[in-house]
$ cat data_4.txt   # compact mmCIF, C-alpha atoms
# COMPACT_ATOMS: atom_id res chain seq x y z
CA MET A 1320 -97.73 50.32 82.71
CA THR A 1321 -100.68 52.53 81.69
CA ASN A 1322 -104.42 52.00 82.16
CA ALA A 1323 -103.88 48.33 82.99
CA ALA A 1324 -105.82 46.37 85.55
CA LEU A 1325 -103.92 45.27 88.63
CA LYS A 1326 -104.28 41.50 88.59
CA LEU A 1327 -104.24 39.78 91.96
CA SER A 1328 -103.62 36.07 92.46
CA LEU A 1329 -103.12 33.92 95.53
CA LEU A 1330 -100.55 31.31 96.55
CA ASP A 1331 -101.47 29.01 99.43
CA ARG A 1332 -99.01 26.58 101.02
CA SER A 1333 -101.57 24.55 103.01
CA VAL A 1334 -99.87 25.50 106.25
CA LEU A 1335 -100.83 23.76 109.46
CA ARG A 1336 -102.02 25.79 112.43
CA GLU A 1337 -101.17 24.76 115.96
CA GLY A 1338 -103.78 22.40 117.35
CA ARG A 1339 -105.24 21.53 113.94
CA SER A 1340 -104.62 18.60 111.62
CA ALA A 1341 -102.95 18.38 108.24
CA ALA A 1342 -106.25 17.21 106.76
CA GLN A 1343 -107.86 20.40 108.03
CA ALA A 1344 -105.09 22.45 106.42
CA LEU A 1345 -105.93 20.89 103.06
CA ARG A 1346 -109.63 21.54 103.55
CA ASP A 1347 -108.80 25.14 104.47
CA THR A 1348 -106.94 25.45 101.16
CA LEU A 1349 -109.98 24.27 99.22
CA ALA A 1350 -112.24 26.70 101.07
CA LEU A 1351 -109.78 29.54 100.48
CA ALA A 1352 -109.70 28.80 96.75
CA GLN A 1353 -113.48 29.02 96.59
CA GLU A 1354 -113.35 32.33 98.47
CA ALA A 1355 -110.65 33.68 96.13
CA GLU A 1356 -112.81 32.79 93.13
CA LEU A 1357 -115.79 34.68 94.57
CA LEU A 1358 -113.56 37.69 95.22
CA GLY A 1359 -112.35 37.79 91.62
CA TYR A 1360 -108.73 36.69 92.04
CA GLU A 1361 -107.03 35.77 88.77
CA ARG A 1362 -105.46 32.46 89.81
CA PHE A 1363 -104.94 30.22 92.84
CA TRP A 1364 -101.66 28.33 93.15
CA VAL A 1365 -100.38 25.69 95.55
CA ALA A 1366 -96.79 24.78 96.41
CA GLU A 1367 -94.60 21.69 96.71
CA HIS A 1368 -92.98 20.93 100.06
CA HIS A 1369 -91.69 17.52 101.15
CA GLY A 1370 -91.25 16.28 104.71
CA VAL A 1371 -92.16 19.64 106.28
CA PRO A 1372 -94.01 19.25 109.61
CA GLY A 1373 -95.91 22.52 109.23
CA ILE A 1374 -97.00 22.22 105.59
CA ALA A 1375 -99.52 19.72 104.23
CA GLY A 1376 -99.04 20.59 100.55
CA SER A 1377 -96.67 17.86 99.38
CA ALA A 1378 -98.35 16.95 96.08
CA PRO A 1379 -99.34 20.13 94.24
CA THR A 1380 -100.79 18.55 91.10
CA VAL A 1381 -103.06 16.32 93.21
CA LEU A 1382 -104.17 19.31 95.25
CA ALA A 1383 -104.65 21.41 92.11
CA ALA A 1384 -107.03 18.77 90.74
CA ALA A 1385 -109.12 18.93 93.92
CA ILE A 1386 -109.19 22.74 93.80
CA ALA A 1387 -110.15 22.87 90.14
CA SER A 1388 -112.97 20.41 90.86
CA ALA A 1389 -114.24 22.63 93.70
CA THR A 1390 -114.20 25.83 91.60
CA SER A 1391 -115.44 26.83 88.16
CA ARG A 1392 -113.66 29.97 86.90
CA ILE A 1393 -110.44 30.79 88.70
CA ARG A 1394 -107.20 29.56 87.14
CA VAL A 1395 -105.50 26.86 89.21
CA GLY A 1396 -101.85 25.93 89.21
CA THR A 1397 -98.62 25.27 91.01
CA GLY A 1398 -96.24 27.70 92.61
CA GLY A 1399 -94.56 25.49 91.91
CA VAL A 1400 -93.64 21.98 90.95
CA MET A 1401 -89.94 21.64 91.80
CA LEU A 1402 -88.66 20.24 88.53
CA PRO A 1403 -85.33 18.84 89.83
CA ASN A 1404 -87.40 16.38 91.90
CA HIS A 1405 -89.19 14.89 88.88
CA ARG A 1406 -88.81 13.46 85.40
CA PRO A 1407 -90.01 16.04 82.82
CA LEU A 1408 -92.16 13.48 81.01
CA VAL A 1409 -94.08 12.65 84.19
CA VAL A 1410 -94.67 16.33 84.95
CA ALA A 1411 -95.85 16.90 81.38
CA GLU A 1412 -98.29 14.00 81.71
CA GLN A 1413 -99.67 15.28 85.01
CA PHE A 1414 -100.39 18.70 83.55
CA ALA A 1415 -101.76 17.22 80.33
CA VAL A 1416 -104.32 15.34 82.43
CA LEU A 1417 -105.17 18.47 84.42
CA GLY A 1418 -105.44 20.51 81.23
CA ALA A 1419 -107.75 17.96 79.64
CA LEU A 1420 -110.00 17.82 82.69
CA PHE A 1421 -110.09 21.60 83.22
CA PRO A 1422 -109.37 23.20 79.81
CA GLY A 1423 -108.14 26.77 79.89
CA ARG A 1424 -107.85 26.90 83.68
CA ILE A 1425 -104.53 25.24 84.56
CA ASP A 1426 -101.11 26.90 85.06
CA MET A 1427 -97.79 25.06 85.26
CA GLY A 1428 -95.56 26.96 87.68
CA LEU A 1429 -92.06 25.45 87.86
CA GLY A 1430 -89.29 25.93 90.40
CA ARG A 1431 -85.61 25.00 90.74
CA SER A 1432 -85.47 23.93 94.40
CA VAL A 1433 -84.94 20.50 95.93
CA GLY A 1434 -85.77 19.26 99.43
CA PHE A 1435 -85.22 21.70 102.29
CA THR A 1436 -83.00 19.35 104.31
CA ARG A 1437 -80.37 16.83 103.27
CA ALA A 1438 -82.50 13.98 104.65
CA VAL A 1439 -85.41 15.02 102.43
CA GLN A 1440 -83.10 15.40 99.43
CA GLU A 1441 -81.79 11.89 99.97
CA ALA A 1442 -85.33 10.53 100.33
CA LEU A 1443 -86.21 12.16 97.00
CA GLY A 1444 -83.06 10.76 95.41
CA HIS A 1445 -81.68 14.19 94.56
CA SER A 1446 -79.19 16.76 95.82
CA VAL A 1447 -78.63 20.49 95.50
CA ARG A 1448 -76.38 19.77 92.50
CA ASP A 1449 -79.44 18.73 90.53
CA VAL A 1450 -80.54 22.37 90.44
CA GLU A 1451 -77.88 22.89 87.78
CA ASP A 1452 -79.86 20.62 85.43
CA PHE A 1453 -82.93 22.84 85.56
CA PRO A 1454 -82.45 24.57 82.15
CA ALA A 1455 -82.16 21.24 80.35
CA GLN A 1456 -85.07 19.76 82.28
CA LEU A 1457 -87.17 22.82 81.50
CA ALA A 1458 -86.38 22.57 77.79
CA GLU A 1459 -87.32 18.90 77.78
CA LEU A 1460 -90.56 19.52 79.67
CA LEU A 1461 -91.59 22.31 77.29
CA ALA A 1462 -90.90 20.05 74.33
CA TRP A 1463 -93.12 17.34 75.79
CA ALA A 1464 -95.79 19.92 76.59
CA ARG A 1465 -95.75 21.19 73.01
CA GLY A 1466 -96.52 17.67 71.82
CA ASP A 1467 -93.18 16.82 70.19
CA SER A 1468 -93.30 13.17 69.16
CA GLU A 1469 -89.55 12.89 69.28
CA ARG A 1470 -87.35 14.44 71.91
CA ARG A 1471 -83.56 14.58 71.92
CA ALA A 1472 -81.97 14.65 75.38
CA GLY A 1473 -78.21 14.71 74.91
CA GLU A 1474 -77.61 12.01 72.33
CA GLN A 1475 -80.58 9.87 73.26
CA VAL A 1476 -83.56 9.96 70.90
CA ARG A 1477 -86.98 8.74 72.06
CA PRO A 1478 -88.92 8.10 68.85
CA GLY A 1479 -92.63 7.59 69.11
CA VAL A 1480 -92.95 8.74 72.72
CA ARG A 1481 -95.85 11.12 73.20
CA VAL A 1482 -97.52 12.71 76.20
CA GLN A 1483 -101.04 11.47 76.82
CA PRO A 1484 -103.61 12.88 76.70
CA SER A 1485 -102.31 14.67 73.62
CA ASP A 1486 -105.40 16.40 72.25
CA GLY A 1487 -105.61 19.37 74.63
CA LEU A 1488 -104.16 22.85 74.51
CA PRO A 1489 -100.68 23.23 76.04
CA VAL A 1490 -100.79 24.34 79.67
CA PRO A 1491 -99.02 27.72 80.08
CA ALA A 1492 -95.73 27.55 81.98
CA PHE A 1493 -94.23 30.00 84.48
CA VAL A 1494 -90.79 29.97 86.10
CA LEU A 1495 -90.36 30.78 89.78
CA ALA A 1496 -87.07 32.58 89.89
CA LEU A 1497 -84.68 35.01 91.48
CA GLY A 1498 -81.14 35.72 90.36
CA ALA A 1499 -80.01 33.13 87.79
CA GLY A 1500 -83.50 31.75 87.40
CA ALA A 1501 -84.73 35.02 85.91
CA ARG A 1502 -82.37 34.62 82.95
CA ILE A 1503 -83.47 31.01 82.48
CA ALA A 1504 -87.10 32.17 82.28
CA ALA A 1505 -86.15 34.93 79.85
CA GLU A 1506 -84.19 32.68 77.51
CA ALA A 1507 -87.05 30.15 77.50
CA GLY A 1508 -89.52 32.93 76.67
CA LEU A 1509 -91.68 32.24 79.72
CA PRO A 1510 -93.47 34.42 82.28
CA VAL A 1511 -91.48 34.80 85.50
CA VAL A 1512 -92.55 34.87 89.14
CA VAL A 1513 -90.16 36.77 91.41
CA GLY A 1514 -90.26 37.30 95.16
CA GLY A 1515 -88.03 38.50 97.96
CA LEU A 1516 -89.41 41.93 98.79
CA HIS A 1517 -87.10 42.07 101.81
CA ASP A 1518 -84.25 42.61 99.32
CA ARG A 1519 -85.87 45.06 96.90
CA ALA A 1520 -82.61 45.81 95.07
CA ARG A 1521 -82.06 42.13 94.24
CA LEU A 1522 -85.66 41.75 93.11
CA LEU A 1523 -85.41 44.77 90.81
CA ALA A 1524 -82.13 43.50 89.39
CA ALA A 1525 -83.75 40.14 88.59
CA VAL A 1526 -86.68 41.83 86.86
CA ALA A 1527 -84.36 44.06 84.84
CA GLU A 1528 -82.24 41.09 83.77
CA TYR A 1529 -85.35 39.16 82.80
CA ARG A 1530 -86.70 41.95 80.61
CA GLU A 1531 -83.34 42.57 78.97
CA ALA A 1532 -82.71 38.89 78.17
CA PHE A 1533 -86.28 37.94 77.21
CA THR A 1534 -86.63 36.03 73.95
CA PRO A 1535 -90.15 35.79 72.46
CA SER A 1536 -91.40 32.22 72.21
CA ALA A 1537 -94.46 30.18 71.36
CA TRP A 1538 -95.37 30.50 75.03
CA SER A 1539 -95.13 34.27 75.40
CA ALA A 1540 -94.54 37.05 72.88
CA GLU A 1541 -93.34 39.52 75.49
CA PRO A 1542 -92.10 39.57 79.08
CA TYR A 1543 -94.66 38.92 81.80
CA VAL A 1544 -93.70 39.63 85.41
CA VAL A 1545 -95.54 38.30 88.45
CA VAL A 1546 -94.31 39.66 91.78
CA ALA A 1547 -94.97 37.44 94.81
CA ALA A 1548 -95.57 39.37 98.02
CA PRO A 1549 -96.96 38.72 101.50
CA VAL A 1550 -99.86 41.18 101.80
CA ALA A 1551 -102.39 41.75 104.59
CA VAL A 1552 -105.10 44.36 105.15
CA ALA A 1553 -106.76 45.08 108.49
CA ASP A 1554 -108.25 47.93 110.51
CA THR A 1555 -104.80 48.91 111.77
CA ALA A 1556 -101.23 48.36 110.65
CA GLU A 1557 -100.58 46.49 113.90
CA GLU A 1558 -103.40 44.00 113.24
CA ALA A 1559 -102.25 43.44 109.66
CA GLY A 1560 -98.67 42.96 110.77
CA GLU A 1561 -99.70 40.44 113.40
CA MET A 1562 -101.59 38.46 110.77
CA LEU A 1563 -98.41 37.91 108.74
CA ALA A 1564 -96.15 37.51 111.77
CA ALA A 1565 -97.05 33.85 112.33
CA GLU A 1566 -95.50 32.71 109.05
CA ALA A 1567 -92.47 34.95 109.58
CA TRP A 1568 -92.01 33.33 112.98
CA ALA A 1569 -92.28 29.85 111.47
CA LEU A 1570 -89.74 30.79 108.77
CA ALA A 1571 -87.33 31.98 111.46
CA GLU A 1572 -87.79 28.65 113.23
CA ALA A 1573 -87.08 26.81 109.98
CA ARG A 1574 -83.91 28.81 109.32
CA THR A 1575 -82.54 28.13 112.81
CA ARG A 1576 -83.92 24.68 113.69
CA GLY A 1577 -84.32 23.06 110.29
CA ALA A 1578 -88.07 22.49 110.43
CA PHE A 1579 -90.98 24.74 109.46
CA PRO A 1580 -93.50 24.30 112.34
CA PRO A 1581 -97.28 24.81 112.37
CA LEU A 1582 -98.27 28.47 112.56
CA PRO A 1583 -98.30 29.63 116.19
CA SER A 1584 -101.02 31.65 117.88
CA PRO A 1585 -100.29 35.32 118.70
CA GLU A 1586 -100.15 34.36 122.39
CA ARG A 1587 -97.51 31.73 121.75
CA MET A 1588 -95.38 34.13 119.74
CA ARG A 1589 -95.53 36.69 122.53
CA THR A 1590 -94.36 34.22 125.17
CA ALA A 1591 -91.91 32.06 123.18
CA GLU A 1592 -88.23 32.29 124.00
CA THR A 1593 -86.17 33.12 120.92
CA SER A 1594 -82.49 33.53 120.20
CA ALA A 1595 -80.89 36.60 118.67
CA ARG A 1596 -80.42 34.64 115.46
CA GLN A 1597 -84.12 33.75 115.32
CA ARG A 1598 -85.10 37.35 115.96
CA GLY A 1599 -82.83 38.42 113.12
CA PHE A 1600 -84.46 36.02 110.65
CA PHE A 1601 -87.89 37.07 111.94
CA ALA A 1602 -87.12 40.74 111.30
CA GLN A 1603 -85.76 39.91 107.85
CA ALA A 1604 -88.93 38.04 106.90
CA ARG A 1605 -91.15 40.86 108.12
CA ALA A 1606 -89.15 43.40 106.13
CA GLY A 1607 -90.71 41.94 102.98
CA HIS A 1608 -94.31 42.30 104.17
CA ILE A 1609 -96.91 44.70 102.83
CA ALA A 1610 -99.29 45.13 105.75
CA GLY A 1611 -101.58 47.88 106.91
CA THR A 1612 -104.88 49.60 106.30
CA GLU A 1613 -106.41 49.89 102.86
CA ALA A 1614 -104.66 53.23 102.37
CA ASP A 1615 -101.30 51.81 103.48
CA VAL A 1616 -101.54 48.81 101.17
CA ARG A 1617 -102.80 50.83 98.23
CA GLU A 1618 -99.75 53.09 98.44
CA ALA A 1619 -97.36 50.16 98.88
CA LEU A 1620 -98.78 48.29 95.90
CA GLN A 1621 -98.63 51.39 93.72
CA THR A 1622 -94.96 51.75 94.60
CA LEU A 1623 -94.23 48.08 94.00
CA VAL A 1624 -95.90 48.04 90.59
CA ALA A 1625 -94.24 51.31 89.59
CA GLN A 1626 -90.80 49.96 90.52
CA THR A 1627 -91.15 46.53 88.93
CA GLY A 1628 -93.64 47.08 86.11
CA ALA A 1629 -95.42 44.00 87.46
CA ASP A 1630 -98.24 42.61 85.36
CA GLU A 1631 -99.63 40.75 88.35
CA VAL A 1632 -99.20 40.46 92.12
CA LEU A 1633 -99.22 36.96 93.63
CA VAL A 1634 -100.31 37.27 97.26
CA THR A 1635 -98.53 34.75 99.50
CA ALA A 1636 -100.22 35.53 102.82
CA SER A 1637 -100.89 32.92 105.47
CA ALA A 1638 -102.38 33.58 108.89
CA TYR A 1639 -103.10 31.72 112.12
CA ASP A 1640 -106.72 32.89 112.00
CA PRO A 1641 -108.45 31.77 108.76
CA ALA A 1642 -111.28 34.27 109.28
CA ALA A 1643 -108.81 37.16 109.50
CA LEU A 1644 -107.13 35.96 106.31
CA ARG A 1645 -110.44 35.81 104.43
CA SER A 1646 -111.29 39.33 105.59
CA SER A 1647 -107.88 40.58 104.49
CA LEU A 1648 -108.25 39.03 101.03
CA ALA A 1649 -111.67 40.62 100.58
CA ARG A 1650 -110.35 44.03 101.54
CA LEU A 1651 -107.34 43.57 99.30
CA ALA A 1652 -109.58 42.71 96.36
CA ALA A 1653 -111.41 46.00 96.92
CA VAL A 1654 -108.09 47.86 96.95
CA ALA A 1655 -107.16 46.25 93.62
CA GLN A 1656 -110.43 47.44 92.10
CA GLU A 1657 -109.61 50.98 93.19
CA LEU A 1658 -106.22 50.70 91.51
CA GLU A 1659 -107.65 49.12 88.37
CA HIS A 1660 -108.10 52.30 86.34
CA GLN A 1661 -105.15 54.23 87.70
CA ASN A 1662 -101.85 54.71 85.93
CA TYR A 1663 -98.79 53.02 87.38
$ encode --input "data_4.txt" --output "structure tokens"
Amino acid sequence: MTNAALKLSLLDRSVLREGRSAAQALRDTLALAQEAELLGYERFWVAEHHGVPGIAGSAPTVLAAAIASATSRIRVGTGGVMLPNHRPLVVAEQFAVLGALFPGRIDMGLGRSVGFTRAVQEALGHSVRDVEDFPAQLAELLAWARGDSERRAGEQVRPGVRVQPSDGLPVPAFVLALGAGARIAAEAGLPVVVGGLHDRARLLAAVAEYREAFTPSAWSAEPYVVVAAPVAVADTAEEAGEMLAAEAWALAEARTRGAFPPLPSPERMRTAETSARQRGFFAQARAGHIAGTEADVREALQTLVAQTGADEVLVTASAYDPAALRSSLARLAAVAQELEHQNY
């Protein structure tokens, strides 16, 4: 990549913080979106999680509508809607409404996951086997989004069915992927969002496969890679690392106890009893973090972009202290401006 601006975007999961309500978590998301817009971030995405005690973001298209209403420029979207949980026509209709209300500002990020636990999967009426249907669901959704008046699914034809509203521009689609999902994105001719910095070799393999298999489409003429990464900037590497540690701790809890809890305070993390297995998952999560001073993060981002050829970095940071997170995002935006005219 030469003489290209480093685009920064932000993904927020509406995480709860210990001692605060789910409603406050949603309000924090709205405030963070407004802050990201002022700082010049490219887009602000929200995620889909069902039945998770520590995450309030269960309905991303509803939340995206609230965010788009509270902002005026920044692109707003989903990172992502988990397509196996939904009928493609309904998803197409939801984004058609969003696109009509906020023309040119909505992104349709799509993922392959189902509920985190079996109980949630059963409540949604789906299972992990439904992930296998993702390519067909994606093809159907894209057909609806293009405005096809007839859609063939298997041998069933639906004549005269049309997404409403039908007079807006199609909302651009992205695929959240790693491994097999990267090829699905490539064959559909869609931009891809990849994560998993803790396993850099796997991430690079996914990006390489995506570029090699990419087929130009009406959605994208060439590959477009967004790399998702937890990033934090502070006065010291220790302070930045502590900012991201709360979510890594919660992820370790989820992997060992089956439930993602509200983000803990630094004091709670220091005094909590943990098992060796939890500590292993905690260390694994932190291995994917980019955290440090401005100089540290600048160097790490330069390396990441050079390795992946990323067109954009999607920051996935959460923190127990909202003020510390806002400060980090402001400092990170300044780092991106410094990188803007450099060669990668």
$ closest_residue --input "data_4.txt" --among "A:Val1395, A:Ala1344, A:Ala1551, A:Ala1532" --to "Pro1491 in chain A" --atoms "all atoms listed in the file"
A:Val1395
$ residues_around --input "data_4.txt" --residues "Ala1567 in chain A" --least-positions-apart "5" --cutoff "9 Å" --atoms "all atoms listed in the file" --output "PDB file with C-alpha atoms, in the frame of the given file"
ATOM      1  CA  GLU A1572     -87.790  28.650 113.230  1.00  0.00           C
ATOM      2  CA  PHE A1600     -84.460  36.020 110.650  1.00  0.00           C
ATOM      3  CA  PHE A1601     -87.890  37.070 111.940  1.00  0.00           C
ATOM      4  CA  ALA A1602     -87.120  40.740 111.300  1.00  0.00           C
ATOM      5  CA  GLN A1603     -85.760  39.910 107.850  1.00  0.00           C
ATOM      6  CA  ALA A1604     -88.930  38.040 106.900  1.00  0.00           C
ATOM      7  CA  ARG A1605     -91.150  40.860 108.120  1.00  0.00           C
TER       8      ARG A1605
END
$ residues_around --input "data_4.txt" --residues "range 1378-1392 of chain A" --least-positions-apart "2" --cutoff "8 Å" --atoms "all atoms listed in the file" --output "list in words"
Leu1349, Ala1352, Gln1353, Glu1356, Trp1364, Val1365, Ala1366, Glu1367, His1368, Gly1376, Arg1394, Val1395, Gly1396, Thr1397, Gly1399, Val1400, Gln1413, Phe1414, Leu1417, Phe1421 and Arg1424 of chain A
$ residues_around --input "data_4.txt" --residues "Val1334 in chain A" --least-positions-apart "5" --cutoff "9 Å" --atoms "all atoms listed in the file" --output "ChimeraX atom specification"
/A:1341,1344-1345,1348,1373-1376,1566,1580-1582,1637-1638
$ closest_residue --input "data_4.txt" --among "A:Ala1520, A:Val1544, A:Ala1342, A:Leu1461" --to "Ala1496 in chain A" --atoms "only C-alpha atoms"
A:Val1544
$ atom_distance --input "data_4.txt" --atom1 "CA of Leu1325 in chain A" --atom2 "CA of Gln1621 in chain A"
9.6 Å
$ atom_distance --input "data_4.txt" --atom1 "CA of Arg1587 in chain A" --atom2 "CA of Trp1568 in chain A"
10.5 Å
$ atom_distance --input "data_4.txt" --atom1 "CA of Val1513 in chain A" --atom2 "CA of Val1546 in chain A"
5.1 Å
$ closest_residue --input "data_4.txt" --among "A:Pro1484, A:Phe1453, A:Leu1570, A:Asp1554" --to "Ala1419 in chain A" --atoms "all atoms listed in the file"
A:Pro1484
$ residues_around --input "data_4.txt" --residues "Glu1459 in chain A" --least-positions-apart "4" --cutoff "7 Å" --atoms "all atoms listed in the file" --output "compact mmCIF listing (two decimals) with C-alpha atoms, keeping the file's coordinate frame"
# COMPACT_ATOMS: atom_id res chain seq x y z
CA PRO A 1407 -90.01 16.04 82.82
CA ALA A 1455 -82.16 21.24 80.35
CA TRP A 1463 -93.12 17.34 75.79
$ residues_around --input "data_4.txt" --residues "Leu1644 in chain A" --least-positions-apart "2" --cutoff "10 Å" --atoms "only C-alpha atoms" --output "list in words"
Leu1351, Ala1551, Val1552, Ala1553, Ala1559, Met1562, Leu1563, Ala1636, Ser1637, Ala1638, Tyr1639, Asp1640, Pro1641, Ala1642, Ser1646, Ser1647, Leu1648, Ala1649 and Arg1650 of chain A
$ closest_residue --input "data_4.txt" --among "A:Met1401, A:Leu1358, A:Val1371, A:Ala1595" --to "Ala1569 in chain A" --atoms "only C-alpha atoms"
A:Val1371
$ closest_residue --input "data_4.txt" --among "A:Leu1457, A:Val1439, A:Ala1619, A:Ala1504" --to "Ser1539 in chain A" --atoms "all atoms listed in the file"
A:Ala1504
$ closest_residue --input "data_4.txt" --among "A:Gly1611, A:Leu1327, A:Glu1586, A:Leu1495" --to "Ala1629 in chain A" --atoms "all atoms listed in the file"
A:Leu1327
$ residues_near_point --input "data_4.txt" --point "(-99.0, 49.6, 103.9)" --cutoff "10 Å" --atoms "all atoms listed in the file" --output "list of chain:residue names"
A:Val1550, A:Ala1551, A:Val1552, A:Thr1555, A:Ala1556, A:Ala1559, A:Gly1560, A:His1608, A:Ile1609, A:Ala1610, A:Gly1611, A:Thr1612, A:Glu1613, A:Ala1614, A:Asp1615, A:Val1616, A:Arg1617, A:Glu1618, A:Ala1619, A:Leu1620
$ decode --input "data_4.txt" --residues "range 1446-1453 of chain A" --atoms "all heavy atoms" --output "mmCIF file, in the first residue's frame"
data_model
loop_
_atom_site.group_PDB
_atom_site.id
_atom_site.type_symbol
_atom_site.label_atom_id
_atom_site.label_comp_id
_atom_site.auth_asym_id
_atom_site.auth_seq_id
_atom_site.Cartn_x
_atom_site.Cartn_y
_atom_site.Cartn_z
ATOM 1 N N SER A 1446 -28.768 -24.097 15.527
ATOM 2 C CA SER A 1446 -27.662 -24.850 16.103
ATOM 3 C C SER A 1446 -26.403 -24.530 15.323
ATOM 4 O O SER A 1446 -26.446 -23.844 14.290
ATOM 5 C CB SER A 1446 -27.944 -26.357 16.036
ATOM 6 O OG SER A 1446 -27.825 -26.830 14.704
ATOM 7 N N VAL A 1447 -25.266 -25.036 15.792
ATOM 8 C CA VAL A 1447 -24.004 -24.765 15.117
ATOM 9 C C VAL A 1447 -24.009 -25.302 13.693
ATOM 10 O O VAL A 1447 -23.249 -24.821 12.845
ATOM 11 C CB VAL A 1447 -22.818 -25.353 15.910
ATOM 12 C CG1 VAL A 1447 -22.651 -24.623 17.234
ATOM 13 C CG2 VAL A 1447 -23.008 -26.841 16.144
ATOM 14 N N ARG A 1448 -24.843 -26.279 13.400
ATOM 15 C CA ARG A 1448 -24.910 -26.825 12.035
ATOM 16 C C ARG A 1448 -25.418 -25.789 11.041
ATOM 17 O O ARG A 1448 -25.140 -25.879 9.838
ATOM 18 C CB ARG A 1448 -25.793 -28.071 12.004
ATOM 19 C CG ARG A 1448 -25.217 -29.266 12.747
ATOM 20 C CD ARG A 1448 -26.049 -30.506 12.504
ATOM 21 N NE ARG A 1448 -27.409 -30.353 12.997
ATOM 22 C CZ ARG A 1448 -27.794 -30.594 14.246
ATOM 23 N NH1 ARG A 1448 -26.911 -31.014 15.138
ATOM 24 N NH2 ARG A 1448 -29.050 -30.435 14.612
ATOM 25 N N ASP A 1449 -26.179 -24.815 11.528
ATOM 26 C CA ASP A 1449 -26.722 -23.803 10.625
ATOM 27 C C ASP A 1449 -25.631 -22.919 10.025
ATOM 28 O O ASP A 1449 -25.871 -22.240 9.012
ATOM 29 C CB ASP A 1449 -27.746 -22.934 11.356
ATOM 30 C CG ASP A 1449 -28.990 -23.711 11.741
ATOM 31 O OD1 ASP A 1449 -29.355 -24.628 10.987
ATOM 32 O OD2 ASP A 1449 -29.573 -23.419 12.794
ATOM 33 N N VAL A 1450 -24.458 -22.903 10.635
ATOM 34 C CA VAL A 1450 -23.346 -22.126 10.079
ATOM 35 C C VAL A 1450 -23.023 -22.590 8.667
ATOM 36 O O VAL A 1450 -22.590 -21.799 7.813
ATOM 37 C CB VAL A 1450 -22.115 -22.249 11.002
ATOM 38 C CG1 VAL A 1450 -20.882 -21.640 10.360
ATOM 39 C CG2 VAL A 1450 -22.397 -21.573 12.350
ATOM 40 N N GLU A 1451 -23.237 -23.868 8.400
ATOM 41 C CA GLU A 1451 -22.927 -24.416 7.083
ATOM 42 C C GLU A 1451 -23.797 -23.802 5.978
ATOM 43 O O GLU A 1451 -23.440 -23.843 4.796
ATOM 44 C CB GLU A 1451 -23.107 -25.930 7.097
ATOM 45 C CG GLU A 1451 -22.188 -26.646 8.090
ATOM 46 C CD GLU A 1451 -22.515 -28.116 8.229
ATOM 47 O OE1 GLU A 1451 -23.425 -28.596 7.505
ATOM 48 O OE2 GLU A 1451 -21.869 -28.793 9.064
ATOM 49 N N ASP A 1452 -24.939 -23.229 6.353
ATOM 50 C CA ASP A 1452 -25.840 -22.632 5.369
ATOM 51 C C ASP A 1452 -25.470 -21.189 5.031
ATOM 52 O O ASP A 1452 -26.139 -20.559 4.195
ATOM 53 C CB ASP A 1452 -27.282 -22.659 5.892
ATOM 54 C CG ASP A 1452 -27.799 -24.075 6.105
ATOM 55 O OD1 ASP A 1452 -27.336 -24.976 5.377
ATOM 56 O OD2 ASP A 1452 -28.642 -24.274 6.995
ATOM 57 N N PHE A 1453 -24.426 -20.673 5.656
ATOM 58 C CA PHE A 1453 -24.101 -19.260 5.497
ATOM 59 C C PHE A 1453 -23.888 -18.845 4.039
ATOM 60 O O PHE A 1453 -24.421 -17.809 3.607
ATOM 61 C CB PHE A 1453 -22.876 -18.892 6.337
ATOM 62 C CG PHE A 1453 -22.458 -17.455 6.228
ATOM 63 C CD1 PHE A 1453 -23.165 -16.464 6.888
ATOM 64 C CD2 PHE A 1453 -21.367 -17.085 5.460
ATOM 65 C CE1 PHE A 1453 -22.789 -15.128 6.788
ATOM 66 C CE2 PHE A 1453 -20.974 -15.767 5.357
ATOM 67 C CZ PHE A 1453 -21.687 -14.780 6.026
#
